[in-house]
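Source file: input_29.pdb (PDB, C-alpha atoms)
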```pdb
MODEL        1
ATOM      1  CA  MET A   1      -4.111 -17.678 -19.816
ATOM      2  CA  VAL A   2      -6.369 -14.994 -18.312
ATOM      3  CA  PRO A   3      -6.271 -11.840 -20.480
ATOM      4  CA  THR A   4      -4.675  -8.728 -19.042
ATOM      5  CA  PRO A   5      -7.871  -6.583 -18.976
ATOM      6  CA  TYR A   6      -9.380  -8.864 -16.316
ATOM      7  CA  TYR A   7      -6.416  -8.213 -14.061
ATOM      8  CA  ILE A   8      -6.653  -4.482 -14.735
ATOM      9  CA  ALA A   9     -10.365  -4.483 -13.930
ATOM     10  CA  LEU A  10      -9.693  -6.335 -10.673
ATOM     11  CA  SER A  11      -6.946  -3.847  -9.890
ATOM     12  CA  ALA A  12      -9.319  -0.946 -10.601
ATOM     13  CA  LEU A  13     -11.934  -2.424  -8.270
ATOM     14  CA  LEU A  14      -9.388  -2.879  -5.476
ATOM     15  CA  LEU A  15      -8.100   0.664  -6.003
ATOM     16  CA  THR A  16     -11.553   2.180  -5.816
ATOM     17  CA  ILE A  17     -12.558   0.133  -2.768
ATOM     18  CA  GLY A  18      -9.414   1.441  -1.129
ATOM     19  CA  SER A  19     -10.232   5.007  -2.118
ATOM     20  CA  VAL A  20     -13.734   4.637  -0.635
ATOM     21  CA  GLY A  21     -12.038   3.563   2.574
ATOM     22  CA  VAL A  22      -9.762   6.598   2.518
ATOM     23  CA  LEU A  23     -12.722   8.914   1.952
ATOM     24  CA  THR A  24     -15.200   7.446   4.433
ATOM     25  CA  ARG A  25     -13.239   6.082   7.400
ATOM     26  CA  ARG A  26     -12.321   8.485  10.190
ATOM     27  CA  SER A  27      -9.753   6.522  12.145
ATOM     28  CA  ALA A  28      -6.275   7.312  10.798
ATOM     29  CA  ILE A  29      -5.274   3.641  11.042
ATOM     30  CA  MET A  30      -8.189   2.610   8.848
ATOM     31  CA  VAL A  31      -7.276   5.309   6.338
ATOM     32  CA  PHE A  32      -3.739   3.972   6.322
ATOM     33  CA  LEU A  33      -4.926   0.373   5.763
ATOM     34  CA  SER A  34      -7.001   1.580   2.813
ATOM     35  CA  VAL A  35      -3.964   3.346   1.368
ATOM     36  CA  GLU A  36      -2.082   0.047   1.555
ATOM     37  CA  LEU A  37      -4.925  -1.569  -0.356
ATOM     38  CA  MET A  38      -4.659   1.060  -3.091
ATOM     39  CA  LEU A  39      -0.898   0.571  -3.291
ATOM     40  CA  ASN A  40      -1.332  -3.164  -3.782
ATOM     41  CA  ALA A  41      -3.933  -2.611  -6.470
ATOM     42  CA  ALA A  42      -1.393  -0.539  -8.383
ATOM     43  CA  ASN A  43       1.202  -3.294  -7.925
ATOM     44  CA  LEU A  44      -1.210  -5.839  -9.376
ATOM     45  CA  ALA A  45      -1.687  -3.646 -12.451
ATOM     46  CA  ILE A  46       2.081  -3.295 -12.915
ATOM     47  CA  VAL A  47       2.661  -7.058 -12.670
ATOM     48  CA  ALA A  48      -0.165  -7.714 -15.139
ATOM     49  CA  PHE A  49       1.335  -5.182 -17.567
ATOM     50  CA  ALA A  50       4.749  -6.785 -17.074
ATOM     51  CA  ARG A  51       3.391 -10.090 -18.357
ATOM     52  CA  GLN A  52       1.675  -8.292 -21.231
ATOM     53  CA  TRP A  53       4.994  -6.708 -22.210
ATOM     54  CA  SER A  54       6.853 -10.009 -22.353
ATOM     55  CA  ALA A  55       6.112  -9.852 -26.093
ATOM     56  CA  ARG A  56       8.752  -7.087 -26.209
ATOM     57  CA  GLY A  57      11.389  -9.277 -24.650
ATOM     58  CA  VAL A  58      12.263 -10.669 -21.249
ATOM     59  CA  GLU A  59      14.016  -7.553 -20.021
ATOM     60  CA  SER A  60      11.065  -5.179 -20.451
ATOM     61  CA  ALA A  61       8.800  -7.658 -18.690
ATOM     62  CA  LEU A  62      11.160  -8.146 -15.783
ATOM     63  CA  SER A  63      11.633  -4.377 -15.528
ATOM     64  CA  GLY A  64       8.021  -4.185 -14.375
ATOM     65  CA  GLN A  65       8.660  -6.836 -11.762
ATOM     66  CA  ALA A  66      11.797  -5.026 -10.590
ATOM     67  CA  ALA A  67       9.708  -1.858 -10.276
ATOM     68  CA  VAL A  68       7.194  -3.698  -8.078
ATOM     69  CA  PHE A  69      10.055  -4.979  -5.930
ATOM     70  CA  ILE A  70      11.285  -1.420  -5.393
ATOM     71  CA  ILE A  71       7.730  -0.235  -4.671
ATOM     72  CA  LEU A  72       7.426  -2.944  -2.015
ATOM     73  CA  ALA A  73      10.590  -1.708  -0.322
ATOM     74  CA  ILE A  74       9.338   1.881  -0.464
ATOM     75  CA  ALA A  75       6.000   0.771   0.999
ATOM     76  CA  ALA A  76       7.845  -0.815   3.905
ATOM     77  CA  ALA A  77       9.671   2.454   4.612
ATOM     78  CA  GLU A  78       6.445   4.413   4.232
ATOM     79  CA  VAL A  79       4.604   2.180   6.698
ATOM     80  CA  ALA A  80       7.389   2.474   9.252
ATOM     81  CA  VAL A  81       7.406   6.280   9.110
ATOM     82  CA  GLY A  82       3.608   6.562   8.841
ATOM     83  CA  LEU A  83       2.958   4.378  11.842
ATOM     84  CA  GLY A  84       5.638   6.305  13.750
ATOM     85  CA  ILE A  85       3.734   9.517  12.987
ATOM     86  CA  LEU A  86       0.477   7.857  14.067
ATOM     87  CA  VAL A  87       1.966   6.783  17.383
ATOM     88  CA  ALA A  88       3.373  10.282  17.939
ATOM     89  CA  ILE A  89      -0.005  11.880  17.166
ATOM     90  CA  PHE A  90      -1.834   9.426  19.425
ATOM     91  CA  ARG A  91       0.603  10.151  22.237
ATOM     92  CA  ASN A  92      -0.120  13.875  21.965
ATOM     93  CA  ARG A  93      -3.899  13.777  21.486
ATOM     94  CA  LEU A  94      -5.079  10.295  22.597
ATOM     95  CA  SER A  95      -7.099  10.037  19.386
ATOM     96  CA  THR A  96      -6.498   9.046  15.792
ATOM     97  CA  ASP A  97      -9.603  10.688  14.360
ATOM     98  CA  VAL A  98      -8.511  12.363  11.150
ATOM     99  CA  ASP A  99     -11.214  15.037  11.461
ATOM    100  CA  GLU A 100      -9.563  16.309  14.650
ATOM    101  CA  LEU A 101      -6.196  16.568  12.935
ATOM    102  CA  SER A 102      -7.236  19.332  10.556
ATOM    103  CA  GLU A 103      -4.420  21.636  11.714
ATOM    104  CA  VAL A 104      -1.765  19.089  10.665
ATOM    105  CA  ARG A 105      -1.220  20.825   7.355
ATOM    106  CA  LEU A 106       0.778  23.650   5.865
TER     107      LEU A 106
ATOM    108  CA  MET B   1     -10.192 -18.630 -15.590
ATOM    109  CA  VAL B   2     -11.999 -20.378 -12.729
ATOM    110  CA  GLY B   3      -8.959 -19.925 -10.532
ATOM    111  CA  PHE B   4      -8.807 -16.247 -11.382
ATOM    112  CA  ILE B   5     -12.475 -15.759 -10.490
ATOM    113  CA  ILE B   6     -12.007 -17.477  -7.126
ATOM    114  CA  LEU B   7      -8.911 -15.390  -6.404
ATOM    115  CA  ALA B   8     -10.696 -12.198  -7.435
ATOM    116  CA  ALA B   9     -13.661 -13.055  -5.208
ATOM    117  CA  VAL B  10     -11.401 -13.668  -2.203
ATOM    118  CA  MET B  11      -9.494 -10.465  -2.893
ATOM    119  CA  LEU B  12     -12.603  -8.330  -3.254
ATOM    120  CA  ALA B  13     -14.161  -9.858  -0.123
ATOM    121  CA  GLY B  14     -10.998  -9.016   1.810
ATOM    122  CA  ALA B  15     -10.930  -5.497   0.387
ATOM    123  CA  LEU B  16     -14.568  -4.890   1.303
ATOM    124  CA  GLY B  17     -13.763  -6.186   4.768
ATOM    125  CA  VAL B  18     -10.953  -3.628   5.103
ATOM    126  CA  VAL B  19     -13.334  -0.803   4.274
ATOM    127  CA  THR B  20     -16.423  -1.945   6.193
ATOM    128  CA  LEU B  21     -15.302  -3.838   9.313
ATOM    129  CA  LYS B  22     -15.563  -1.809  12.507
ATOM    130  CA  GLN B  23     -12.712  -3.312  14.506
ATOM    131  CA  PRO B  24      -9.262  -2.270  13.186
ATOM    132  CA  VAL B  25      -7.808  -5.694  14.020
ATOM    133  CA  HIS B  26     -10.453  -7.421  11.906
ATOM    134  CA  ALA B  27      -9.834  -4.983   9.068
ATOM    135  CA  ALA B  28      -6.086  -5.613   9.230
ATOM    136  CA  LEU B  29      -6.595  -9.404   9.131
ATOM    137  CA  SER B  30      -8.959  -8.915   6.223
ATOM    138  CA  LEU B  31      -6.202  -7.002   4.433
ATOM    139  CA  VAL B  32      -3.854  -9.935   5.107
ATOM    140  CA  LEU B  33      -6.358 -12.170   3.298
ATOM    141  CA  THR B  34      -6.336  -9.814   0.319
ATOM    142  CA  LEU B  35      -2.540  -9.666   0.277
ATOM    143  CA  LEU B  36      -2.206 -13.458   0.354
ATOM    144  CA  ALA B  37      -4.673 -13.820  -2.514
ATOM    145  CA  LEU B  38      -2.663 -11.160  -4.339
ATOM    146  CA  ALA B  39       0.507 -13.236  -3.838
ATOM    147  CA  VAL B  40      -1.207 -16.224  -5.466
ATOM    148  CA  THR B  41      -2.280 -13.953  -8.322
ATOM    149  CA  TYR B  42       1.363 -12.948  -8.806
ATOM    150  CA  VAL B  43       2.184 -16.644  -9.276
ATOM    151  CA  THR B  44      -0.422 -16.883 -12.035
ATOM    152  CA  LEU B  45       1.184 -13.790 -13.603
ATOM    153  CA  GLU B  46       4.624 -15.460 -13.797
ATOM    154  CA  ALA B  47       6.099 -13.413 -10.954
ATOM    155  CA  HIS B  48       7.152 -16.083  -8.466
ATOM    156  CA  PHE B  49       9.817 -14.021  -6.727
ATOM    157  CA  LEU B  50       7.366 -11.175  -6.174
ATOM    158  CA  ALA B  51       4.825 -13.624  -4.769
ATOM    159  CA  VAL B  52       7.327 -14.786  -2.157
ATOM    160  CA  ILE B  53       8.325 -11.202  -1.355
ATOM    161  CA  GLN B  54       4.664 -10.241  -1.085
ATOM    162  CA  VAL B  55       4.033 -12.932   1.525
ATOM    163  CA  ILE B  56       7.200 -12.259   3.518
ATOM    164  CA  VAL B  57       7.351  -8.460   3.409
ATOM    165  CA  TYR B  58       3.727  -7.408   3.057
ATOM    166  CA  ALA B  59       1.601 -10.107   4.646
ATOM    167  CA  GLY B  60       4.389 -10.757   7.119
ATOM    168  CA  ALA B  61       6.406  -7.755   8.206
ATOM    169  CA  ILE B  62       4.209  -4.804   7.296
ATOM    170  CA  MET B  63       0.956  -6.271   8.595
ATOM    171  CA  VAL B  64       2.642  -7.363  11.825
ATOM    172  CA  LEU B  65       3.748  -3.739  12.226
ATOM    173  CA  PHE B  66       0.158  -2.630  11.662
ATOM    174  CA  LEU B  67      -1.208  -5.103  14.205
ATOM    175  CA  PHE B  68       1.443  -4.018  16.706
ATOM    176  CA  VAL B  69       0.399  -0.379  16.386
ATOM    177  CA  ILE B  70      -3.322  -1.182  16.499
ATOM    178  CA  MET B  71      -2.857  -3.139  19.700
ATOM    179  CA  LEU B  72      -0.421  -0.576  21.117
ATOM    180  CA  LEU B  73      -2.861   2.275  20.582
ATOM    181  CA  ASN B  74      -5.734   0.030  21.716
ATOM    182  CA  VAL B  75      -8.148   1.669  19.269
ATOM    183  CA  GLN B  76     -11.652   0.296  19.458
ATOM    184  CA  GLY B  77     -14.304   0.155  16.823
ATOM    185  CA  GLN B  78     -16.503   3.060  17.909
ATOM    186  CA  GLU B  79     -16.041   5.359  14.937
ATOM    187  CA  PRO B  80     -18.374   8.355  14.915
ATOM    188  CA  PRO B  81     -20.274   9.030  11.690
ATOM    189  CA  PRO B  82     -18.484  11.431   9.325
ATOM    190  CA  HIS B  83     -18.934  15.174   9.699
ATOM    191  CA  LEU B  84     -20.040  15.628   6.128
ATOM    192  CA  ALA B  85     -23.084  13.440   5.505
ATOM    193  CA  TRP B  86     -22.910  13.841   1.731
ATOM    194  CA  MET B  87     -19.338  12.548   1.704
ATOM    195  CA  ARG B  88     -20.215   8.844   1.849
ATOM    196  CA  PRO B  89     -22.562   8.536  -1.160
ATOM    197  CA  LEU B  90     -20.305  10.845  -3.140
ATOM    198  CA  ALA B  91     -17.319   8.645  -2.351
ATOM    199  CA  TYR B  92     -19.174   5.520  -3.496
ATOM    200  CA  LEU B  93     -20.320   7.249  -6.677
ATOM    201  CA  ALA B  94     -16.863   8.574  -7.538
ATOM    202  CA  ALA B  95     -15.317   5.164  -6.848
ATOM    203  CA  LEU B  96     -17.820   3.370  -9.071
ATOM    204  CA  LEU B  97     -17.245   5.842 -11.889
ATOM    205  CA  ALA B  98     -13.468   5.520 -11.592
ATOM    206  CA  ALA B  99     -13.592   1.701 -11.534
ATOM    207  CA  ALA B 100     -15.913   1.610 -14.537
ATOM    208  CA  GLY B 101     -13.689   4.045 -16.409
ATOM    209  CA  ILE B 102     -10.492   2.088 -15.829
ATOM    210  CA  ALA B 103     -12.148  -1.254 -16.598
ATOM    211  CA  ILE B 104     -13.742   0.004 -19.820
ATOM    212  CA  THR B 105     -10.437   1.498 -20.944
ATOM    213  CA  ALA B 106      -8.710  -1.805 -20.224
ATOM    214  CA  PHE B 107     -11.248  -3.860 -22.175
ATOM    215  CA  VAL B 108     -11.322  -1.456 -25.129
ATOM    216  CA  ASP B 109      -7.593  -1.944 -25.613
ATOM    217  CA  ARG B 110      -7.094  -4.709 -28.184
ATOM    218  CA  THR B 111      -3.374  -5.369 -27.807
ATOM    219  CA  PRO B 112      -2.857  -9.099 -28.399
ATOM    220  CA  LEU B 113      -1.769 -11.263 -25.494
ATOM    221  CA  PRO B 114       1.836 -12.448 -25.579
ATOM    222  CA  THR B 115       2.263 -15.995 -26.780
ATOM    223  CA  ALA B 116       2.865 -18.839 -24.369
ATOM    224  CA  GLY B 117       6.478 -19.055 -25.496
ATOM    225  CA  GLN B 118       7.143 -15.407 -24.751
ATOM    226  CA  VAL B 119       5.611 -15.750 -21.292
ATOM    227  CA  ALA B 120       7.602 -18.930 -20.671
ATOM    228  CA  ALA B 121      10.788 -16.962 -21.414
ATOM    229  CA  LEU B 122      10.186 -15.058 -18.164
ATOM    230  CA  GLN B 123      10.967 -18.316 -16.333
ATOM    231  CA  GLY B 124       8.301 -17.442 -13.822
ATOM    232  CA  GLY B 125      10.073 -14.231 -12.788
ATOM    233  CA  SER B 126      12.589 -16.159 -10.736
ATOM    234  CA  ALA B 127      14.745 -14.521  -8.083
ATOM    235  CA  GLU B 128      17.797 -15.050 -10.285
ATOM    236  CA  GLN B 129      16.305 -13.207 -13.248
ATOM    237  CA  VAL B 130      14.846 -10.305 -11.281
ATOM    238  CA  GLY B 131      17.986 -10.096  -9.173
ATOM    239  CA  THR B 132      20.265  -9.966 -12.202
ATOM    240  CA  LEU B 133      18.234  -7.110 -13.632
ATOM    241  CA  LEU B 134      18.143  -5.284 -10.273
ATOM    242  CA  PHE B 135      21.900  -5.540  -9.814
ATOM    243  CA  SER B 136      22.807  -4.581 -13.367
ATOM    244  CA  HIS B 137      20.295  -2.245 -14.969
ATOM    245  CA  TYR B 138      18.621  -0.836 -11.855
ATOM    246  CA  VAL B 139      21.510  -0.913  -9.428
ATOM    247  CA  LEU B 140      21.210   2.831  -8.717
ATOM    248  CA  ALA B 141      17.521   2.512  -7.819
ATOM    249  CA  PHE B 142      18.377  -0.495  -5.675
ATOM    250  CA  GLN B 143      21.016   1.472  -3.765
ATOM    251  CA  LEU B 144      18.659   4.420  -3.356
ATOM    252  CA  VAL B 145      16.050   2.102  -1.866
ATOM    253  CA  GLY B 146      18.647   1.097   0.681
ATOM    254  CA  VAL B 147      19.253   4.736   1.568
ATOM    255  CA  LEU B 148      15.500   5.303   1.762
ATOM    256  CA  LEU B 149      15.016   2.363   4.125
ATOM    257  CA  LEU B 150      17.799   3.696   6.352
ATOM    258  CA  THR B 151      16.154   7.136   6.367
ATOM    259  CA  GLY B 152      12.834   5.479   7.195
ATOM    260  CA  ILE B 153      14.349   3.614  10.138
ATOM    261  CA  VAL B 154      15.969   6.789  11.512
ATOM    262  CA  GLY B 155      12.726   8.717  11.006
ATOM    263  CA  ALA B 156      10.576   6.077  12.698
ATOM    264  CA  VAL B 157      12.926   5.863  15.686
ATOM    265  CA  SER B 158      13.131   9.629  16.121
ATOM    266  CA  LEU B 159       9.331   9.932  15.816
ATOM    267  CA  ALA B 160       8.613   7.179  18.306
ATOM    268  CA  GLN B 161      11.228   8.324  20.815
ATOM    269  CA  ARG B 162       9.483   9.496  23.931
ATOM    270  CA  GLY B 163      11.547  11.995  25.885
ATOM    271  CA  ASN B 164      14.078  13.246  23.351
ATOM    272  CA  PRO B 165      16.743  14.975  25.475
ATOM    273  CA  ALA B 166      18.001  17.021  22.532
ATOM    274  CA  ALA B 167      14.586  18.487  21.746
ATOM    275  CA  PRO B 168      13.490  21.769  23.331
ATOM    276  CA  GLU B 169      11.246  21.478  26.378
ATOM    277  CA  GLY B 170       8.163  22.580  24.476
ATOM    278  CA  ALA B 171       8.340  19.680  22.043
ATOM    279  CA  ARG B 172       7.239  17.250  24.712
ATOM    280  CA  THR B 173       4.178  19.174  25.840
ATOM    281  CA  ARG B 174       0.740  18.774  24.421
ATOM    282  CA  GLY B 175       0.719  21.744  22.069
ATOM    283  CA  GLY B 176       2.623  20.657  18.999
ATOM    284  CA  ALA B 177       2.039  23.947  17.179
ATOM    285  CA  GLU B 178       4.046  26.142  19.546
ATOM    286  CA  SER B 179       6.961  23.763  19.728
ATOM    287  CA  ALA B 180       7.260  23.601  15.958
ATOM    288  CA  ALA B 181       8.395  27.214  15.703
ATOM    289  CA  PRO B 182      11.780  26.977  17.528
ATOM    290  CA  ASP B 183      12.517  23.763  15.619
ATOM    291  CA  ARG B 184      12.028  25.519  12.339
ATOM    292  CA  GLU B 185      14.296  28.387  13.330
ATOM    293  CA  LEU B 186      16.971  25.925  14.349
ATOM    294  CA  THR B 187      16.958  24.046  11.076
ATOM    295  CA  HIS B 188      16.760  27.096   8.846
ATOM    296  CA  GLY B 189      19.240  29.265  10.700
TER     297      GLY B 189
ENDMDL
END
```
Rewrite the structure of this file - the entire thing - as structure tokens.
Amino acid sequence: MVPTPYYIALSALLLTIGSVGVLTRRSAIMVFLSVELMLNAANLAIVAFARQWSARGVESALSGQAAVFIILAIAAAEVAVGLGILVAIFRNRLSTDVDELSEVRL
Amino acid sequence: MVGFIILAAVMLAGALGVVTLKQPVHAALSLVLTLLALAVTYVTLEAHFLAVIQVIVYAGAIMVLFLFVIMLLNVQGQEPPPHLAWMRPLAYLAALLAAAGIAITAFVDRTPLPTAGQVAALQGGSAEQVGTLLFSHYVLAFQLVGVLLLTGIVGAVSLAQRGNPAAPEGARTRGGAESAAPDRELTHG
């Protein structure tokens, strides 16, 4: 059985690679893909912790897995809305460069 | 352990591909590789139901949506260099520091691993077990996710709708900033 810290380290690496993508890419689609990567890294950490917590009983372990299930559903909704926004922005400006979208803020 | 190292290598290669590849389609396919390797990792972590869901929902539905939009927008790989030249090395440095910090914290923690019997009690995180928990303990969260998905569908449709007849004339023109003002008055008044 692979110890939990290895999974957490892998998750940390994935998360930081994703954050580098968010910080350095300029196309909004690439930023979005990197965000998905970060989300999945967090899911991996939760599933690894869920197995670690099976010492406290089946229910606390499966609670982590239920949380990941709900996160997956939320990610699906987030992608649908996010890509809808991207399409709307592209239709207005014919570009998805995030540097040109600096006025899309409060 | 060997299996974990192979999986981790595949996952990291896919992740690096997402960040470095120029063509968005290649990056998206690279992310699919990472997500599939992640599904296999879920199996090794006794979460079989999540592994199946990961393949169907993430590697399937969500990435297909991404590929649809990439091909719809027809974005090509010519990304200009970033405005702020110091941003890139700073991003790499901050990422390395964060990864090292999390990894060190994880390895410092000396909580013992659960025994094989305790892990076996999870029954591989079967659909029955996770489903029972979702429909008993977390039924409110489950229902709220349903509401959220419905809201997401309505939002995506209303965003992607081209000529919305109910919207004021200005909303369809190029300047989004001017058209936002009457909308706001409508909703607040």
Query raised in the report: On this structure, which residues satisfy the ChimeraX specification (/A :<6) & /B, written as a list of chain:residue names?
Result: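 Answer for the ChimeraX specification (/A :<6) & /B: B:Met1, B:Val19, B:Arg88, B:Ala91, B:Ala95, B:Ala99, B:Ala103, B:Ala106, B:Phe107, B:Pro114, B:Gln118, B:Val119, B:Leu122, B:Leu149, B:Gly152, B:Ala156, B:Leu159, B:Ala160, B:Arg174.
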Work out where the centre of an axis-aligned box around every listed atom of region 75-86 of chain A lies and how long its edges are once 8 Å is added on each side; give both in Å to one decimal as lines of an AutoDock Vina configuration file.
```
center_x = 5.1
center_y = 4.4
center_z = 7.5
size_x = 25.2
size_y = 26.3
size_z = 29.1
```
Query raised in the report: If you count only C-alpha atoms, which residues fall within 7 Å of Gly14 (chain B), apart from same-chain ones fewer than 2 positions away, as a PyMOL selection string?
Result: chain B and resi 10-12+16-18+30-31+33-34
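Taking CA of Ala120 (chain B) and CA of Leu39 (chain A) as the two end points, the separation is 27.5 Å.
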Report task. Might you spell out which residues the PyMOL selection byres ((chain B and resi 70-75) around 8) would select in the displayed file, as a PyMOL selection string? Result -> (chain A and resi 29+87+90) or (chain B and resi 24-25+66-69+76-77)
Query raised in the report: What does the PyMOL selection byres ((chain B and resi 49-61) around 7) select in this file, as a ChimeraX atom specification?
Result: /A:69 /B:32,35-36,39-40,42-43,47-48,62-65,125-127
Query raised in the report: Which value, in Å to one decimal, gives the distance between CA of Thr41 (chain B) and CA of Val2 (chain B)?
Result: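 Atom-to-atom, CA of Thr41 (chain B) to CA of Val2 (chain B), that is 12.5 Å.
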